[in-house]
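For reference, protein_22.cif is printed below; it contains mmCIF, C-alpha atoms and all ligand atoms.
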data_run
loop_
_atom_site.group_PDB
_atom_site.id
_atom_site.type_symbol
_atom_site.label_atom_id
_atom_site.label_comp_id
_atom_site.auth_asym_id
_atom_site.auth_seq_id
_atom_site.Cartn_x
_atom_site.Cartn_y
_atom_site.Cartn_z
ATOM 1 C CA MET A 1 47.803 -62.006 76.370
ATOM 2 C CA GLU A 2 49.978 -59.074 77.404
ATOM 3 C CA ALA A 3 48.251 -55.779 78.258
ATOM 4 C CA LEU A 4 49.064 -53.945 75.017
ATOM 5 C CA ALA A 5 47.879 -56.817 72.787
ATOM 6 C CA LEU A 6 44.747 -57.103 74.898
ATOM 7 C CA ALA A 7 43.975 -53.383 74.530
ATOM 8 C CA ARG A 8 44.538 -53.596 70.744
ATOM 9 C CA LYS A 9 42.196 -56.598 70.520
ATOM 10 C CA GLU A 10 39.565 -54.744 72.549
ATOM 11 C CA GLU A 11 39.808 -51.733 70.225
ATOM 12 C CA GLN A 12 39.514 -53.959 67.120
ATOM 13 C CA ASN A 13 36.467 -55.680 68.614
ATOM 14 C CA GLN A 14 34.888 -52.309 69.363
ATOM 15 C CA GLN A 15 35.322 -51.193 65.738
ATOM 16 C CA LEU A 16 33.884 -54.477 64.471
ATOM 17 C CA LYS A 17 30.890 -54.166 66.787
ATOM 18 C CA GLU A 18 30.139 -50.673 65.518
ATOM 19 C CA ARG A 19 30.386 -51.891 61.915
ATOM 20 C CA ILE A 20 28.067 -54.833 62.707
ATOM 21 C CA LEU A 21 25.474 -52.574 64.337
ATOM 22 C CA GLN A 22 25.490 -50.250 61.333
ATOM 23 C CA LEU A 23 25.160 -53.118 58.819
ATOM 24 C CA LYS A 24 22.446 -54.710 60.909
ATOM 25 C CA LYS A 25 20.377 -51.550 60.647
ATOM 26 C CA GLU A 26 20.951 -51.231 56.877
ATOM 27 C CA ARG A 27 19.905 -54.857 56.273
ATOM 28 C CA ASN A 28 17.031 -54.900 58.774
ATOM 29 C CA ALA A 29 18.750 -57.899 60.330
ATOM 30 C CA ILE A 30 18.506 -59.594 63.692
ATOM 31 C CA ILE A 31 21.478 -61.378 65.259
ATOM 32 C CA LEU A 32 20.650 -64.579 67.135
ATOM 33 C CA ALA A 33 23.461 -66.109 69.201
ATOM 34 C CA HIS A 34 23.590 -69.421 71.017
ATOM 35 C CA TYR A 35 24.844 -69.333 74.613
ATOM 36 C CA TYR A 36 27.961 -71.248 73.477
ATOM 37 C CA GLN A 37 29.169 -68.447 71.203
ATOM 38 C CA ARG A 38 32.210 -66.320 72.063
ATOM 39 C CA ASP A 39 31.456 -63.530 74.591
ATOM 40 C CA GLU A 40 31.979 -60.741 72.039
ATOM 41 C CA ILE A 41 29.380 -62.292 69.705
ATOM 42 C CA GLN A 42 26.868 -62.668 72.537
ATOM 43 C CA GLU A 43 27.502 -58.996 73.394
ATOM 44 C CA VAL A 44 26.485 -57.848 69.928
ATOM 45 C CA ALA A 45 23.490 -60.190 69.593
ATOM 46 C CA ASP A 46 19.868 -59.000 69.681
ATOM 47 C CA PHE A 47 18.877 -62.228 71.300
ATOM 48 C CA ARG A 48 20.823 -64.939 73.135
ATOM 49 C CA GLY A 49 19.366 -68.332 73.885
ATOM 50 C CA ASP A 50 19.535 -72.095 73.814
ATOM 51 C CA SER A 51 18.453 -74.028 70.737
ATOM 52 C CA PHE A 52 14.773 -73.961 71.721
ATOM 53 C CA LEU A 53 14.559 -70.215 72.407
ATOM 54 C CA LEU A 54 16.466 -69.396 69.229
ATOM 55 C CA ALA A 55 14.173 -71.589 67.101
ATOM 56 C CA GLN A 56 11.167 -69.819 68.646
ATOM 57 C CA LYS A 57 12.717 -66.422 67.957
ATOM 58 C CA ALA A 58 13.538 -67.308 64.328
ATOM 59 C CA ALA A 59 9.930 -68.392 63.783
ATOM 60 C CA SER A 60 8.508 -65.125 65.123
ATOM 61 C CA THR A 61 10.899 -62.341 64.048
ATOM 62 C CA ASP A 62 9.805 -59.636 61.611
ATOM 63 C CA ALA A 63 13.378 -58.796 60.540
ATOM 64 C CA ASP A 64 14.235 -59.441 56.865
ATOM 65 C CA VAL A 65 17.554 -61.101 57.618
ATOM 66 C CA ILE A 66 18.527 -63.542 60.376
ATOM 67 C CA VAL A 67 22.229 -63.760 61.224
ATOM 68 C CA PHE A 68 22.484 -67.077 63.024
ATOM 69 C CA CYS A 69 25.540 -67.392 65.245
ATOM 70 C CA GLY A 70 25.618 -71.013 66.288
ATOM 71 C CA VAL A 71 26.195 -74.190 64.275
ATOM 72 C CA HIS A 72 24.851 -75.196 60.887
ATOM 73 C CA PHE A 73 21.757 -77.176 61.957
ATOM 74 C CA MET A 74 20.554 -74.138 63.923
ATOM 75 C CA GLY A 75 20.763 -71.908 60.834
ATOM 76 C CA GLU A 76 18.907 -74.580 58.878
ATOM 77 C CA SER A 77 16.164 -74.778 61.503
ATOM 78 C CA ALA A 78 15.796 -70.981 61.341
ATOM 79 C CA LYS A 79 15.471 -71.093 57.537
ATOM 80 C CA ILE A 80 12.935 -73.929 57.698
ATOM 81 C CA LEU A 81 10.824 -72.035 60.242
ATOM 82 C CA ALA A 82 11.168 -68.687 58.434
ATOM 83 C CA PRO A 83 11.338 -69.662 54.743
ATOM 84 C CA ASN A 84 10.761 -66.122 53.489
ATOM 85 C CA LYS A 85 13.682 -64.671 55.431
ATOM 86 C CA THR A 86 17.297 -64.592 54.354
ATOM 87 C CA VAL A 87 19.331 -66.615 56.859
ATOM 88 C CA ILE A 88 23.072 -66.021 56.880
ATOM 89 C CA ILE A 89 25.757 -67.595 59.048
ATOM 90 C CA PRO A 90 29.269 -66.382 59.853
ATOM 91 C CA ASP A 91 31.029 -69.592 58.742
ATOM 92 C CA GLU A 92 29.692 -72.609 56.879
ATOM 93 C CA ARG A 93 32.243 -74.860 58.540
ATOM 94 C CA ALA A 94 30.606 -74.503 61.964
ATOM 95 C CA GLY A 95 28.942 -77.908 62.037
ATOM 96 C CA CYS A 96 27.818 -80.233 64.815
ATOM 97 C CA PRO A 97 29.571 -83.634 64.930
ATOM 98 C CA MET A 98 26.622 -85.101 66.848
ATOM 99 C CA ALA A 99 24.185 -84.045 64.104
ATOM 100 C CA ASP A 100 26.469 -85.767 61.572
ATOM 101 C CA MET A 101 26.274 -89.063 63.490
ATOM 102 C CA VAL A 102 22.823 -89.861 62.055
ATOM 103 C CA ASN A 103 21.993 -90.018 58.354
ATOM 104 C CA VAL A 104 18.848 -90.614 56.316
ATOM 105 C CA ASP A 105 19.722 -94.164 55.169
ATOM 106 C CA GLY A 106 20.501 -95.330 58.697
ATOM 107 C CA LEU A 107 17.327 -93.795 60.084
ATOM 108 C CA ARG A 108 15.157 -95.293 57.309
ATOM 109 C CA ALA A 109 16.608 -98.745 58.048
ATOM 110 C CA LEU A 110 15.772 -98.356 61.756
ATOM 111 C CA LYS A 111 12.229 -97.185 60.942
ATOM 112 C CA LYS A 112 11.751 -100.293 58.816
ATOM 113 C CA LYS A 113 12.800 -102.467 61.759
ATOM 114 C CA HIS A 114 10.328 -100.714 64.096
ATOM 115 C CA PRO A 115 7.328 -99.837 61.898
ATOM 116 C CA ASN A 116 5.102 -98.856 64.844
ATOM 117 C CA ALA A 117 7.576 -96.460 66.418
ATOM 118 C CA LYS A 118 7.403 -92.678 66.085
ATOM 119 C CA VAL A 119 10.651 -90.811 65.529
ATOM 120 C CA VAL A 120 11.632 -88.045 67.943
ATOM 121 C CA ALA A 121 14.652 -86.103 66.706
ATOM 122 C CA TYR A 122 16.815 -83.862 68.803
ATOM 123 C CA ILE A 123 17.036 -80.520 66.988
ATOM 124 C CA ASN A 124 20.758 -81.339 66.545
ATOM 125 C CA THR A 125 20.061 -83.077 63.204
ATOM 126 C CA SER A 126 20.322 -82.100 59.543
ATOM 127 C CA ALA A 127 17.267 -80.867 57.617
ATOM 128 C CA GLU A 128 17.263 -84.152 55.642
ATOM 129 C CA VAL A 129 17.054 -86.193 58.845
ATOM 130 C CA LYS A 130 14.373 -83.894 60.321
ATOM 131 C CA ALA A 131 12.323 -84.527 57.187
ATOM 132 C CA GLU A 132 12.273 -88.251 58.132
ATOM 133 C CA THR A 133 10.995 -87.665 61.660
ATOM 134 C CA ASP A 134 7.653 -87.157 63.389
ATOM 135 C CA ILE A 135 8.624 -84.429 65.839
ATOM 136 C CA CYS A 136 11.703 -82.517 66.975
ATOM 137 C CA CYS A 137 12.730 -81.638 70.497
ATOM 138 C CA THR A 138 15.511 -79.860 72.341
ATOM 139 C CA SER A 139 16.999 -80.599 75.745
ATOM 140 C CA ALA A 140 14.560 -78.003 77.139
ATOM 141 C CA ASN A 141 11.391 -79.888 76.132
ATOM 142 C CA ALA A 142 12.427 -83.498 75.373
ATOM 143 C CA ILE A 143 10.341 -85.152 78.101
ATOM 144 C CA LYS A 144 7.177 -83.179 77.251
ATOM 145 C CA VAL A 145 7.667 -83.954 73.554
ATOM 146 C CA ILE A 146 8.023 -87.692 74.152
ATOM 147 C CA GLU A 147 4.888 -87.718 76.297
ATOM 148 C CA SER A 148 3.000 -85.793 73.596
ATOM 149 C CA VAL A 149 3.692 -88.435 70.937
ATOM 150 C CA ASP A 150 0.901 -90.807 70.057
ATOM 151 C CA SER A 151 2.907 -94.056 70.341
ATOM 152 C CA ASP A 152 4.389 -96.218 73.104
ATOM 153 C CA GLU A 153 7.473 -96.879 71.030
ATOM 154 C CA ILE A 154 9.949 -94.091 70.254
ATOM 155 C CA ILE A 155 12.951 -94.043 67.954
ATOM 156 C CA TRP A 156 15.236 -91.436 69.461
ATOM 157 C CA VAL A 157 18.028 -89.759 67.432
ATOM 158 C CA PRO A 158 20.881 -88.966 67.756
ATOM 159 C CA ASP A 159 22.066 -88.336 71.362
ATOM 160 C CA LYS A 160 22.401 -91.513 73.437
ATOM 161 C CA ASN A 161 23.183 -89.543 76.620
ATOM 162 C CA LEU A 162 20.117 -87.304 76.436
ATOM 163 C CA GLY A 163 18.137 -90.400 75.340
ATOM 164 C CA ASP A 164 19.237 -92.271 78.461
ATOM 165 C CA TYR A 165 18.304 -89.293 80.645
ATOM 166 C CA VAL A 166 14.798 -88.811 79.217
ATOM 167 C CA SER A 167 14.091 -92.566 79.206
ATOM 168 C CA LYS A 168 14.032 -92.370 83.030
ATOM 169 C CA PHE A 169 10.989 -90.074 82.888
ATOM 170 C CA THR A 170 8.797 -92.146 80.579
ATOM 171 C CA ASP A 171 7.315 -95.637 80.419
ATOM 172 C CA LYS A 172 7.600 -95.625 76.633
ATOM 173 C CA LYS A 173 9.989 -98.012 74.916
ATOM 174 C CA MET A 174 12.945 -95.992 73.659
ATOM 175 C CA ILE A 175 15.075 -97.198 70.756
ATOM 176 C CA ILE A 176 18.133 -95.018 71.168
ATOM 177 C CA TRP A 177 20.651 -94.054 68.463
ATOM 178 C CA GLU A 178 24.341 -94.196 69.400
ATOM 179 C CA GLY A 179 25.311 -90.543 68.813
ATOM 180 C CA TYR A 180 26.833 -88.169 71.328
ATOM 181 C CA CYS A 181 28.222 -84.657 71.719
ATOM 182 C CA ASN A 182 32.022 -84.775 71.570
ATOM 183 C CA THR A 183 32.242 -81.845 73.977
ATOM 184 C CA HIS A 184 29.797 -82.841 76.730
ATOM 185 C CA ASP A 185 30.756 -86.515 76.488
ATOM 186 C CA MET A 186 34.331 -85.570 77.405
ATOM 187 C CA LEU A 187 33.403 -84.801 81.020
ATOM 188 C CA THR A 188 34.198 -87.714 83.366
ATOM 189 C CA VAL A 189 33.154 -88.717 86.893
ATOM 190 C CA ARG A 190 36.769 -88.187 87.938
ATOM 191 C CA ASP A 191 36.762 -84.581 86.665
ATOM 192 C CA VAL A 192 33.613 -83.856 88.672
ATOM 193 C CA GLU A 193 34.854 -85.588 91.811
ATOM 194 C CA GLU A 194 38.101 -83.619 91.684
ATOM 195 C CA MET A 195 36.182 -80.358 91.349
ATOM 196 C CA LYS A 196 33.810 -81.304 94.173
ATOM 197 C CA ALA A 197 36.802 -82.005 96.420
ATOM 198 C CA LYS A 198 38.309 -78.628 95.484
ATOM 199 C CA TYR A 199 35.046 -76.668 95.893
ATOM 200 C CA PRO A 200 33.030 -78.558 98.526
ATOM 201 C CA GLU A 201 30.448 -75.758 98.903
ATOM 202 C CA ALA A 202 29.646 -75.624 95.179
ATOM 203 C CA GLU A 203 26.542 -77.131 93.567
ATOM 204 C CA PHE A 204 27.115 -79.224 90.435
ATOM 205 C CA VAL A 205 24.834 -78.247 87.523
ATOM 206 C CA VAL A 206 24.967 -80.448 84.447
ATOM 207 C CA HIS A 207 23.624 -80.684 80.891
ATOM 208 C CA PRO A 208 21.975 -84.032 79.975
ATOM 209 C CA GLU A 209 24.263 -84.343 76.926
ATOM 210 C CA CYS A 210 26.904 -85.502 79.442
ATOM 211 C CA ARG A 211 27.422 -89.213 80.186
ATOM 212 C CA PRO A 212 24.773 -90.851 82.428
ATOM 213 C CA GLU A 213 27.252 -91.506 85.244
ATOM 214 C CA VAL A 214 28.187 -87.800 85.228
ATOM 215 C CA VAL A 215 24.567 -86.621 85.016
ATOM 216 C CA LYS A 216 23.846 -88.789 88.089
ATOM 217 C CA LEU A 217 26.182 -86.583 90.143
ATOM 218 C CA GLY A 218 24.221 -83.417 89.322
ATOM 219 C CA ASP A 219 22.534 -81.307 91.996
ATOM 220 C CA PHE A 220 20.627 -79.940 89.030
ATOM 221 C CA VAL A 221 20.218 -81.377 85.501
ATOM 222 C CA GLY A 222 18.839 -79.259 82.663
ATOM 223 C CA SER A 223 19.189 -77.549 79.306
ATOM 224 C CA THR A 224 21.456 -74.529 78.981
ATOM 225 C CA THR A 225 18.600 -72.112 79.729
ATOM 226 C CA ALA A 226 17.415 -74.209 82.655
ATOM 227 C CA ILE A 227 20.948 -74.223 84.120
ATOM 228 C CA ILE A 228 21.208 -70.435 83.793
ATOM 229 C CA LYS A 229 17.810 -69.961 85.455
ATOM 230 C CA TYR A 230 18.613 -72.422 88.237
ATOM 231 C CA CYS A 231 21.931 -70.736 89.098
ATOM 232 C CA LYS A 232 20.257 -67.323 89.182
ATOM 233 C CA GLU A 233 17.524 -68.502 91.539
ATOM 234 C CA SER A 234 19.512 -70.888 93.767
ATOM 235 C CA PRO A 235 20.647 -69.551 97.163
ATOM 236 C CA ALA A 236 24.038 -71.208 96.503
ATOM 237 C CA LYS A 237 26.914 -68.839 95.755
ATOM 238 C CA GLU A 238 29.275 -71.229 93.966
ATOM 239 C CA PHE A 239 28.712 -73.692 91.116
ATOM 240 C CA ILE A 240 30.609 -76.344 89.203
ATOM 241 C CA VAL A 241 29.261 -76.122 85.664
ATOM 242 C CA GLY A 242 28.904 -79.201 83.452
ATOM 243 C CA THR A 243 28.142 -77.586 80.123
ATOM 244 C CA GLU A 244 29.889 -75.621 77.382
ATOM 245 C CA ASP A 245 32.083 -72.774 78.560
ATOM 246 C CA GLY A 246 30.318 -70.016 76.550
ATOM 247 C CA THR A 247 27.419 -70.335 79.025
ATOM 248 C CA GLY A 248 29.668 -68.445 81.455
ATOM 249 C CA TYR A 249 28.796 -65.180 79.706
ATOM 250 C CA GLN A 250 25.094 -65.306 80.656
ATOM 251 C CA LEU A 251 25.761 -66.946 84.041
ATOM 252 C CA ARG A 252 28.085 -64.093 85.095
ATOM 253 C CA LYS A 253 25.771 -61.457 83.628
ATOM 254 C CA ASP A 254 22.747 -62.785 85.535
ATOM 255 C CA SER A 255 24.586 -63.528 88.782
ATOM 256 C CA PRO A 256 27.624 -61.250 89.127
ATOM 257 C CA ASP A 257 27.863 -62.045 92.845
ATOM 258 C CA LYS A 258 28.271 -65.804 92.249
ATOM 259 C CA THR A 259 31.282 -67.918 91.254
ATOM 260 C CA PHE A 260 31.233 -70.407 88.400
ATOM 261 C CA HIS A 261 33.891 -73.098 87.915
ATOM 262 C CA PHE A 262 33.720 -75.012 84.640
ATOM 263 C CA ALA A 263 34.134 -78.709 85.357
ATOM 264 C CA THR A 264 37.055 -79.146 82.911
ATOM 265 C CA LYS A 265 38.905 -76.893 80.517
ATOM 266 C CA TYR A 266 37.752 -79.251 77.740
ATOM 267 C CA LEU A 267 34.132 -78.102 77.885
ATOM 268 C CA VAL A 268 34.620 -75.947 74.788
ATOM 269 C CA CYS A 269 32.813 -76.777 71.556
ATOM 270 C CA PRO A 270 35.352 -75.999 68.792
ATOM 271 C CA ASN A 271 32.535 -75.816 66.233
ATOM 272 C CA MET A 272 30.709 -73.077 68.115
ATOM 273 C CA LYS A 273 33.976 -71.156 68.421
ATOM 274 C CA VAL A 274 34.607 -71.148 64.643
ATOM 275 C CA ASN A 275 32.519 -67.964 64.507
ATOM 276 C CA ASN A 276 34.071 -64.632 65.414
ATOM 277 C CA LEU A 277 33.180 -60.937 65.127
ATOM 278 C CA LYS A 278 35.119 -60.485 61.883
ATOM 279 C CA LYS A 279 33.061 -63.240 60.239
ATOM 280 C CA VAL A 280 29.802 -61.786 61.593
ATOM 281 C CA ALA A 281 30.672 -58.411 60.009
ATOM 282 C CA LYS A 282 31.724 -60.078 56.739
ATOM 283 C CA CYS A 283 28.569 -62.156 56.367
ATOM 284 C CA LEU A 284 26.468 -59.010 56.858
ATOM 285 C CA GLU A 285 28.577 -57.153 54.281
ATOM 286 C CA THR A 286 28.453 -59.883 51.627
ATOM 287 C CA MET A 287 25.100 -61.407 52.667
ATOM 288 C CA SER A 288 26.743 -64.828 52.485
ATOM 289 C CA PRO A 289 26.992 -67.686 53.192
ATOM 290 C CA GLN A 290 23.219 -68.072 53.024
ATOM 291 C CA ILE A 291 21.369 -71.144 54.231
ATOM 292 C CA TYR A 292 19.466 -72.959 51.525
ATOM 293 C CA VAL A 293 17.201 -75.941 52.194
ATOM 294 C CA PRO A 294 15.517 -77.585 49.175
ATOM 295 C CA PRO A 295 11.754 -76.867 49.458
ATOM 296 C CA HIS A 296 10.647 -80.536 49.453
ATOM 297 C CA ILE A 297 12.973 -81.219 52.432
ATOM 298 C CA ALA A 298 12.086 -77.955 54.198
ATOM 299 C CA ASP A 299 8.325 -78.633 53.929
ATOM 300 C CA GLN A 300 8.687 -82.052 55.587
ATOM 301 C CA ALA A 301 11.164 -80.879 58.232
ATOM 302 C CA ARG A 302 8.958 -77.882 59.078
ATOM 303 C CA LEU A 303 6.123 -80.190 60.156
ATOM 304 C CA SER A 304 8.433 -81.782 62.699
ATOM 305 C CA LEU A 305 9.726 -78.450 64.039
ATOM 306 C CA GLU A 306 6.288 -76.856 64.173
ATOM 307 C CA ARG A 307 4.868 -79.837 66.068
ATOM 308 C CA MET A 308 7.605 -79.267 68.638
ATOM 309 C CA LEU A 309 6.759 -75.557 68.952
ATOM 310 C CA GLN A 310 3.129 -76.466 69.610
ATOM 311 C CA VAL A 311 3.908 -78.752 72.564
ATOM 312 C CA LYS A 312 2.922 -76.952 75.752
HETATM 313 P P1 LIG B 401 20.687 -76.611 74.222
HETATM 314 O O1 LIG B 401 20.907 -75.363 73.450
HETATM 315 O O2 LIG B 401 19.360 -77.210 73.919
HETATM 316 O O3 LIG B 401 20.950 -76.497 75.672
HETATM 317 O O4 LIG B 401 21.694 -77.715 73.598
HETATM 318 C C1 LIG B 401 22.994 -77.729 73.795
HETATM 319 C C2 LIG B 401 23.784 -77.931 72.569
HETATM 320 O O5 LIG B 401 24.667 -78.715 72.541
HETATM 321 C C3 LIG B 401 23.512 -77.136 71.396
HETATM 322 O O6 LIG B 401 24.303 -77.552 70.368
HETATM 323 FE FE1 LIG B 402 27.187 -80.208 68.663
HETATM 324 FE FE2 LIG B 402 27.980 -80.609 71.166
HETATM 325 FE FE3 LIG B 402 28.909 -78.540 69.842
HETATM 326 FE FE4 LIG B 402 26.366 -78.602 70.629
HETATM 327 S S1 LIG B 402 28.148 -78.540 71.940
HETATM 328 S S2 LIG B 402 27.139 -77.987 68.622
HETATM 329 S S3 LIG B 402 25.922 -80.782 70.406
HETATM 330 S S4 LIG B 402 29.242 -80.707 69.311
#
Please go through the file and, once you have read it, give me the structure as structure tokens.
Amino acid sequence: MEALALARKEEQNQQLKERILQLKKERNAIILAHYYQRDEIQEVADFRGDSFLLAQKAASTDADVIVFCGVHFMGESAKILAPNKTVIIPDERAGCPMADMVNVDGLRALKKKHPNAKVVAYINTSAEVKAETDICCTSANAIKVIESVDSDEIIWVPDKNLGDYVSKFTDKKMIIWEGYCNTHDMLTVRDVEEMKAKYPEAEFVVHPECRPEVVKLGDFVGSTTAIIKYCKESPAKEFIVGTEDGTGYQLRKDSPDKTFHFATKYLVCPNMKVNNLKKVAKCLETMSPQIYVPPHIADQARLSLERMLQVK
């Protein structure tokens, strides 16, 4: 973008941020933003985090309104955990293709085939699917959650890559669904090898939603928060990052003296980027779109989410 256009954009963003802050006060709202959101949204957020930290925050906030900047299942989880709050999202079309890869009928059929198995659902699932499960998890606590379950047989939905990764840390039998994240699954061994050749001093940090052969190359494997923490604490000065590009905002904020190279330019989740500042301001103005989860679904799904929050 040329300098003048850039300056105009910056000025527009500044005005939108001021409007958002004012509306936030009027509504007694809190803005929660996932680490994969655009930088300008993370800048205006009260709290940034991965899916686990944001679920925890939604469950404990005393604000009246939660503005959830992430994808749809995250807003739903917030509403399920805080049923008396109004949860609004900037754009209803921000979905998660991986969450859409598992549905209730398919999961019920699998449960029938494995009647003794307990179902562990990645938080990247719809409320209807969560209502069919025993416990939720995120990439930050998946191994602990699996170990906490009272069964040696686990049905795991929907991420086959994360499922493969966690299966290496448990003796339990894992029946793994065939879903995947379109963004993380895009990263190939070749991409990583090319980057390693270009930046031989850099450590490779990778999210377990990537393919198993890519995860194997990691100097560190972990959830978004774990990656951010690792990079901050590591003595290394240069990193090749194998997760979504929005993470760069927190990485650079925490470690301004370090260099971060994203492993490909394709590590951008288009769904997360559907949200922008204009939509954040609009949803606070109109108080819509609001998340609604039918109470009979929410009550069942809440059990699964709350069990996850209790795992230590
Ligand atoms: P975490 O937030 O658990 O790191 O998950 C990554 C992700 O893909 C969220 O949609
Ligand atoms: Fe879904 Fe992947 Fe985007 Fe996360 S990064 S919202 S898992 S598509």
Q | Selected residue, from A:Ala117, A:Leu309, A:Ile297, A:Val104, that lies nearest to Ala131 in chain A when counting only C-alpha atoms | A |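 With only C-alpha atoms as the atom set, the closest residue is A:Ile297.
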Q: Taking all atoms listed in the file into account, report as a list in words which residues have an atom no farther than 6 Å from an atom of ligand LIG 401 (chain B).
A: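 Sorted by chain and then by number, the residues are Asp50, Ser51, Thr138, Ser139, Ala140, Ser223 and Thr224 of chain A.
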Produce a table with one row for each residue of chain A that has an atom at most 10 Å from any atom of ligand LIG 402 (chain B), each row naming the nearest atom pair and its distance in Å at one decimal; use all atoms listed in the file; arrange rows by chain and rising residue number; format as a Markdown table.
| residue | atom | partner | partner_atom | distance |
| --- | --- | --- | --- | --- |
| A:His34 | CA | B:LIG402 | S2 | 9.6 |
| A:Tyr36 | CA | B:LIG402 | S1 | 7.5 |
| A:Asp50 | CA | B:LIG402 | FE4 | 10.0 |
| A:Ser51 | CA | B:LIG402 | FE4 | 9.1 |
| A:Gly70 | CA | B:LIG402 | S2 | 7.5 |
| A:Val71 | CA | B:LIG402 | S2 | 5.8 |
| A:His72 | CA | B:LIG402 | S2 | 8.5 |
| A:Phe73 | CA | B:LIG402 | S2 | 8.6 |
| A:Met74 | CA | B:LIG402 | S2 | 9.0 |
| A:Ala94 | CA | B:LIG402 | S2 | 8.3 |
| A:Gly95 | CA | B:LIG402 | S2 | 6.8 |
| A:Cys96 | CA | B:LIG402 | FE1 | 3.9 |
| A:Pro97 | CA | B:LIG402 | S4 | 5.3 |
| A:Met98 | CA | B:LIG402 | FE1 | 5.2 |
| A:Ala99 | CA | B:LIG402 | FE1 | 6.7 |
| A:Asp100 | CA | B:LIG402 | FE1 | 9.0 |
| A:Tyr122 | CA | B:LIG402 | S3 | 9.7 |
| A:Ile123 | CA | B:LIG402 | S3 | 9.5 |
| A:Asn124 | CA | B:LIG402 | S3 | 6.5 |
| A:Thr125 | CA | B:LIG402 | FE1 | 9.4 |
| A:Pro158 | CA | B:LIG402 | S3 | 10.0 |
| A:Asp159 | CA | B:LIG402 | S3 | 8.5 |
| A:Gly179 | CA | B:LIG402 | S3 | 9.9 |
| A:Tyr180 | CA | B:LIG402 | S3 | 7.5 |
| A:Cys181 | CA | B:LIG402 | FE2 | 4.1 |
| A:Asn182 | CA | B:LIG402 | S4 | 5.4 |
| A:Thr183 | CA | B:LIG402 | FE2 | 5.3 |
| A:His184 | CA | B:LIG402 | FE2 | 6.3 |
| A:Asp185 | CA | B:LIG402 | FE2 | 8.4 |
| A:Glu209 | CA | B:LIG402 | S3 | 7.6 |
| A:Cys210 | CA | B:LIG402 | FE2 | 9.7 |
| A:Thr243 | CA | B:LIG402 | S1 | 8.2 |
| A:Glu244 | CA | B:LIG402 | S1 | 6.4 |
| A:Asp245 | CA | B:LIG402 | S1 | 9.6 |
| A:Gly246 | CA | B:LIG402 | S1 | 9.9 |
| A:Leu267 | CA | B:LIG402 | S1 | 8.4 |
| A:Val268 | CA | B:LIG402 | S1 | 7.5 |
| A:Cys269 | CA | B:LIG402 | FE3 | 4.6 |
| A:Pro270 | CA | B:LIG402 | FE3 | 7.0 |
| A:Asn271 | CA | B:LIG402 | FE3 | 5.8 |
| A:Met272 | CA | B:LIG402 | FE3 | 6.0 |
| A:Lys273 | CA | B:LIG402 | FE3 | 9.1 |
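With distances restricted to only C-alpha atoms, A:Gln42 is the closest residue to Lys253 in chain A from A:Gln42, A:Ile20, A:Lys113, A:Ile66.
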Q | Length of the CA of Ala142 in chain A to CA of Lys172 in chain A vector [Å] | A | 13.1 Å
Q. Looking at A:Asp191, A:Glu43, A:Glu201, A:Glu233, which one is nearest to Lys265 in chain A, with distances taken over all atoms listed in the file?
A.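 Among the listed residues, the smallest separation from Lys265 in chain A belongs to A:Asp191.
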For the contact check between range 125-188 of chain A and range 289-293 of chain A, emit one row per residue of range 125-188 of chain A within 12 Å, containing the shortest atom pair and the distance in Å rounded to one decimal, counting only C-alpha atoms, chain then rising number order, as CSV.
residue,atom,partner,partner_atom,distance
A:Ser126,CA,A:Val293,CA,10.1
A:Ala127,CA,A:Val293,CA,7.3
A:Glu128,CA,A:Val293,CA,8.9
A:Lys130,CA,A:Val293,CA,11.7
A:Ala131,CA,A:Val293,CA,11.1
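Nearest residue to Glu26 in chain A among A:Ala5, A:Leu303, A:Met287, A:Met186 is A:Met287, counting all atoms listed in the file.
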Q: Determine, counting all atoms listed in the file, which protein, DNA and RNA residues have an atom within 9 Å of an atom of Leu54 in chain A; residues of the same chain fewer than 2 positions away are not included. Present the result as a PyMOL selection string.
A: chain A and resi 32-34+47-52+56-59+68+74+78
Q: Could you state which residues are captured by the PyMOL selection byres (((chain A and resi 165) around 12) and not hetatm) in this file, as a PyMOL selection string?
A: chain A and resi 139+142-143+156+159-164+166-170+174+176+206-216+221-223
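Note that the spacing between CA of Glu92 in chain A and CA of Leu284 in chain A amounts to 14.0 Å.
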Q: Identify the residues within 10 Å of coordinate (8.3, -95.3, 67.4) (same frame as the file), considering all atoms listed in the file, and give the answer as a PyMOL selection string.
A: chain A and resi 110-111+114-120+133-134+149-156+172-175
Keeping only C-alpha atoms, write those residues as a short mmCIF file (atom, residue, chain, number, x, y, z; two decimals), keeping the file's coordinate frame.
data_model
loop_
_atom_site.label_atom_id
_atom_site.label_comp_id
_atom_site.auth_asym_id
_atom_site.auth_seq_id
_atom_site.Cartn_x
_atom_site.Cartn_y
_atom_site.Cartn_z
CA LEU A 110 15.77 -98.36 61.76
CA LYS A 111 12.23 -97.18 60.94
CA HIS A 114 10.33 -100.71 64.10
CA PRO A 115 7.33 -99.84 61.90
CA ASN A 116 5.10 -98.86 64.84
CA ALA A 117 7.58 -96.46 66.42
CA LYS A 118 7.40 -92.68 66.08
CA VAL A 119 10.65 -90.81 65.53
CA VAL A 120 11.63 -88.04 67.94
CA THR A 133 11.00 -87.66 61.66
CA ASP A 134 7.65 -87.16 63.39
CA VAL A 149 3.69 -88.44 70.94
CA ASP A 150 0.90 -90.81 70.06
CA SER A 151 2.91 -94.06 70.34
CA ASP A 152 4.39 -96.22 73.10
CA GLU A 153 7.47 -96.88 71.03
CA ILE A 154 9.95 -94.09 70.25
CA ILE A 155 12.95 -94.04 67.95
CA TRP A 156 15.24 -91.44 69.46
CA LYS A 172 7.60 -95.62 76.63
CA LYS A 173 9.99 -98.01 74.92
CA MET A 174 12.94 -95.99 73.66
CA ILE A 175 15.08 -97.20 70.76
#
